[in-house]
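A.B. asks: One structure, pasted below without further comment.
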Amino acid sequence: MVFVDAETSNKIVTGKLLENFLYGDNHLTPEEMQALYVNFKNRHPHLKPKTEEFKEAIINDDYFNCILLKYGYAVTCHKAQGGEWENVFTVWDNDTKAGFNCFTDAQRKEGKANAAFYRWAYTAVTRASRTLFAVNPPYFNSYSTLAIFHNDMVKCVEDLTGSPMLPEEIVPDAELLAELSSFQILAEPLGIQDHFIKVRTSLRKKYIDIIGWQKKGYDIWYLCKREGATAGLRTSFNSKFVFNNKYLKLSAHTNSETLFEEAQKALSALPDIVVRRHTPETILTQIEFDLDLEERHPFLKTLYDDLQMLFATSPISIEDVRHQQYRERYFFNRGTERAVLDFVYRGDGFF
């Protein structure tokens, strides 16, 4: 093997390659390690273990000390640090979806919220000295993770970018779905779910966690905590699930005036958020199709699947499905727009 070195002469290394490692996993199994040891003993039956001759022989044995080599057609960003090539292909697959394929699946259009991502992205794109090829790069820019709390700030960013600010999009992940489920919010109307998601998003930017949630008539109680401080807030909504955006203190659940005031201020102007529920991996539980109904009327599940496929690459998403007698009521969403359509069918399955 020849290792190219630009600063000094090339380095030539000779030895035995272990084929199992070359084509297999990135580690040797205990059985493979044992096999190498047994092979050495079979080739040197006259050597006794724990003797100096045995140690000397096994240290210098080409087979026992074979080179563990992997093909280097592609390397991780970590391994590429310090290296530079004229032409570099960066393959982006930073996505949470199981089985994500960077060659067929599109990246989610949302900014990455952690600094480590940007550091590794910088490392990756600066490995090329002449041409960089980005395979399915994610969408991010200078304003991807900018949190806007005031309308004046929105106008400033719009003036800088020359385009209107789009509402923040949230795709419910496993953590959010688990939290909604733990507070039994998944059974509530989407207006209440969306309010919880907006409140949660605003509070988490202040490192405040929601530890309790209750609906009492037309009131919603939020119990918050940060370290040892707790605060309780109460807000109200009307029959159309429009909230009054006033948050009153629940004295019995508040031990920190500072935390209450900070939470109240953070919630005084909730961010403009659009909740995306139409992806198969993150669709909320209440939108999942009723299995009993599918057995009785399989054509309704076919309609559901066809609509999901139709809107898979569209900004339109299915927010909710309500099964009524000889009627399927679909609630559609596109940004801040809403639409409701009824699909009427006969008993024989014809719409």
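By order in the structure tokens, chains are A, B, ...; within a chain, residues start at 1; ligands start at 1, following the order shown.
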Report as a short mmCIF file (atom, residue, chain, number, x, y, z; two decimals) with N, CA, C and O atoms, in the first residue's frame all protein, DNA and RNA residues lying within 12 Å of Asn244 of chain A, evaluated on only C-alpha atoms, omitting residues in the same chain fewer than 2 positions from it.

C.D. replies:
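Result written to result12.cif:
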```
data_model
loop_
_atom_site.label_atom_id
_atom_site.label_comp_id
_atom_site.auth_asym_id
_atom_site.auth_seq_id
_atom_site.Cartn_x
_atom_site.Cartn_y
_atom_site.Cartn_z
N HIS A 195 -52.18 25.45 20.21
CA HIS A 195 -51.86 26.42 21.26
C HIS A 195 -50.81 25.85 22.20
O HIS A 195 -49.85 26.55 22.58
N TYR A 218 -63.58 26.33 29.71
CA TYR A 218 -62.94 27.14 28.67
C TYR A 218 -61.63 27.74 29.17
O TYR A 218 -61.13 28.71 28.60
N ASP A 219 -61.08 27.17 30.22
CA ASP A 219 -59.79 27.60 30.75
C ASP A 219 -58.74 26.52 30.51
O ASP A 219 -59.04 25.32 30.54
N ILE A 220 -57.50 26.97 30.28
CA ILE A 220 -56.36 26.06 30.17
C ILE A 220 -55.36 26.45 31.25
O ILE A 220 -55.00 27.62 31.38
N ARG A 234 -52.92 30.64 33.81
CA ARG A 234 -54.24 30.28 33.32
C ARG A 234 -54.62 31.20 32.17
O ARG A 234 -54.44 32.42 32.24
N THR A 235 -55.13 30.61 31.09
CA THR A 235 -55.62 31.38 29.95
C THR A 235 -56.96 30.81 29.53
O THR A 235 -57.35 29.72 29.97
N SER A 236 -57.68 31.53 28.66
CA SER A 236 -59.03 31.13 28.27
C SER A 236 -59.18 31.16 26.75
O SER A 236 -58.43 31.82 26.04
N PHE A 237 -60.20 30.42 26.28
CA PHE A 237 -60.52 30.40 24.85
C PHE A 237 -62.03 30.40 24.69
O PHE A 237 -62.78 30.13 25.64
N ASN A 238 -62.49 30.70 23.46
CA ASN A 238 -63.93 30.71 23.22
C ASN A 238 -64.35 29.44 22.48
O ASN A 238 -63.55 28.52 22.29
N SER A 239 -65.60 29.41 22.04
CA SER A 239 -66.14 28.20 21.41
C SER A 239 -65.47 27.89 20.07
O SER A 239 -65.57 26.78 19.57
N LYS A 240 -64.80 28.89 19.48
CA LYS A 240 -64.09 28.68 18.22
C LYS A 240 -62.60 28.44 18.45
O LYS A 240 -61.81 28.48 17.52
N PHE A 241 -62.24 28.19 19.71
CA PHE A 241 -60.87 27.90 20.11
C PHE A 241 -59.91 29.05 19.80
O PHE A 241 -58.76 28.85 19.42
N VAL A 242 -60.42 30.26 19.97
CA VAL A 242 -59.58 31.46 19.87
C VAL A 242 -59.20 31.87 21.29
O VAL A 242 -60.07 32.09 22.13
N LYS A 246 -54.27 36.21 27.39
CA LYS A 246 -54.02 36.75 28.73
C LYS A 246 -53.68 35.59 29.65
O LYS A 246 -54.38 34.58 29.65
N TYR A 247 -52.63 35.75 30.41
CA TYR A 247 -52.15 34.66 31.27
C TYR A 247 -52.13 35.15 32.71
O TYR A 247 -51.34 36.02 33.09
N LEU A 248 -53.04 34.57 33.50
CA LEU A 248 -53.17 34.95 34.90
C LEU A 248 -52.42 33.96 35.78
O LEU A 248 -52.25 32.79 35.43
N LEU A 267 -45.16 34.56 26.69
CA LEU A 267 -46.41 34.10 26.08
C LEU A 267 -47.31 35.24 25.64
O LEU A 267 -48.37 34.99 25.05
N SER A 268 -46.91 36.47 25.90
CA SER A 268 -47.76 37.61 25.55
C SER A 268 -47.93 37.76 24.05
O SER A 268 -48.93 38.31 23.58
N ALA A 269 -46.96 37.30 23.27
CA ALA A 269 -47.06 37.35 21.81
C ALA A 269 -46.53 36.02 21.27
O ALA A 269 -45.34 35.88 21.01
N LEU A 270 -47.42 35.05 21.13
CA LEU A 270 -47.00 33.73 20.68
C LEU A 270 -46.50 33.78 19.24
O LEU A 270 -47.01 34.54 18.42
#
```

A.B. asks: Listing only residues of segment 167-193 of chain A within 12 Å of segment 319-324 of chain A, what is the closest atom pair and its distance in Å (to one decimal) for each, using only C-alpha atoms, sorted by chain and residue number ascending, as JSON lines?

C.D. replies:
```
{"residue": "A:Leu186", "atom": "CA", "partner": "A:Asp320", "partner_atom": "CA", "distance": 11.7}
{"residue": "A:Ala187", "atom": "CA", "partner": "A:Asp320", "partner_atom": "CA", "distance": 11.6}
{"residue": "A:Glu188", "atom": "CA", "partner": "A:Asp320", "partner_atom": "CA", "distance": 11.6}
{"residue": "A:Pro189", "atom": "CA", "partner": "A:Asp320", "partner_atom": "CA", "distance": 9.3}
{"residue": "A:Leu190", "atom": "CA", "partner": "A:Glu319", "partner_atom": "CA", "distance": 7.9}
{"residue": "A:Gly191", "atom": "CA", "partner": "A:Glu319", "partner_atom": "CA", "distance": 10.7}
{"residue": "A:Gln193", "atom": "CA", "partner": "A:Glu319", "partner_atom": "CA", "distance": 11.4}
```

A.B. asks: From a DSSP pass on the backbone, collect the residues of segment 196-270 of chain A flagged as helix (DSSP H, G or I) and hand them back as a ChimeraX atom specification.

C.D. replies: /A:196-204,251-253,257-267

A.B. asks: So how far away is atom CA of Arg327 of chain A from atom CA of Leu341 of chain A, in Å?

C.D. replies: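 That distance, rounded to one decimal, is 9.9 Å.
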
A.B. asks: Taking into account only C-alpha atoms, which residue in the set A:Met33, A:Asp105, A:Asp348, A:Arg296 is nearest to Ala312 of chain A?

C.D. replies: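 Ranking A:Met33, A:Asp105, A:Asp348, A:Arg296 by distance to Ala312 of chain A, first place goes to A:Asp105.
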
A.B. asks: Find the residue from A:Asn39, A:Gln81, A:Ser163, A:Thr201 that sits nearest to Asp61 of chain A; use only C-alpha atoms when measuring.

C.D. replies: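 Using only C-alpha atoms, Asp61 of chain A sits closest to A:Asn39.
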
A.B. asks: With distances taken over only C-alpha atoms, which residue among A:Glu86, A:Cys224, A:Val91, A:Asp173 lies nearest Thr131 of chain A?

C.D. replies: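 Between A:Glu86, A:Cys224, A:Val91, A:Asp173, the residue approaching Thr131 of chain A most closely is A:Glu86.
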
A.B. asks: Do a neighbour search on Phe183 of chain A at 9 Å with only C-alpha atoms, toss out local chain neighbours closer than 5 positions, and write the hits as a VMD selection string.

C.D. replies: chain A and resid 178 212 to 214

A.B. asks: Nearest to Tyr63 of chain A: which of A:Leu17, A:Ile12, A:Val88, A:Cys77 is it, counting only C-alpha atoms?

C.D. replies: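 Counting only C-alpha atoms, the residue closest to Tyr63 of chain A is A:Leu17.
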
A.B. asks: Could you find all residues in segment 164-351 of chain A that DSSP calls strand (DSSP E or B) from the backbone, and write them as a ChimeraX atom specification?

C.D. replies: /A:168-170,209-216,219-226,229-237,243,248-249,273-275,317-324,327-334,337-344

A.B. asks: Would you compute the distance between atom CA of Phe89 of chain A and atom CA of Phe133 of chain A? Give it in Å to one decimal.

C.D. replies: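 Straight-line distance from atom CA of Phe89 of chain A to atom CA of Phe133 of chain A works out to 4.6 Å.
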
A.B. asks: Find the residues near Thr254 of chain A: any atom within 9 Å, counting only C-alpha atoms, skip ones fewer than 2 places away on the same chain, and give them as a ChimeraX atom specification.

C.D. replies: /A:223-224,229-233,249-252,256-257,259-260
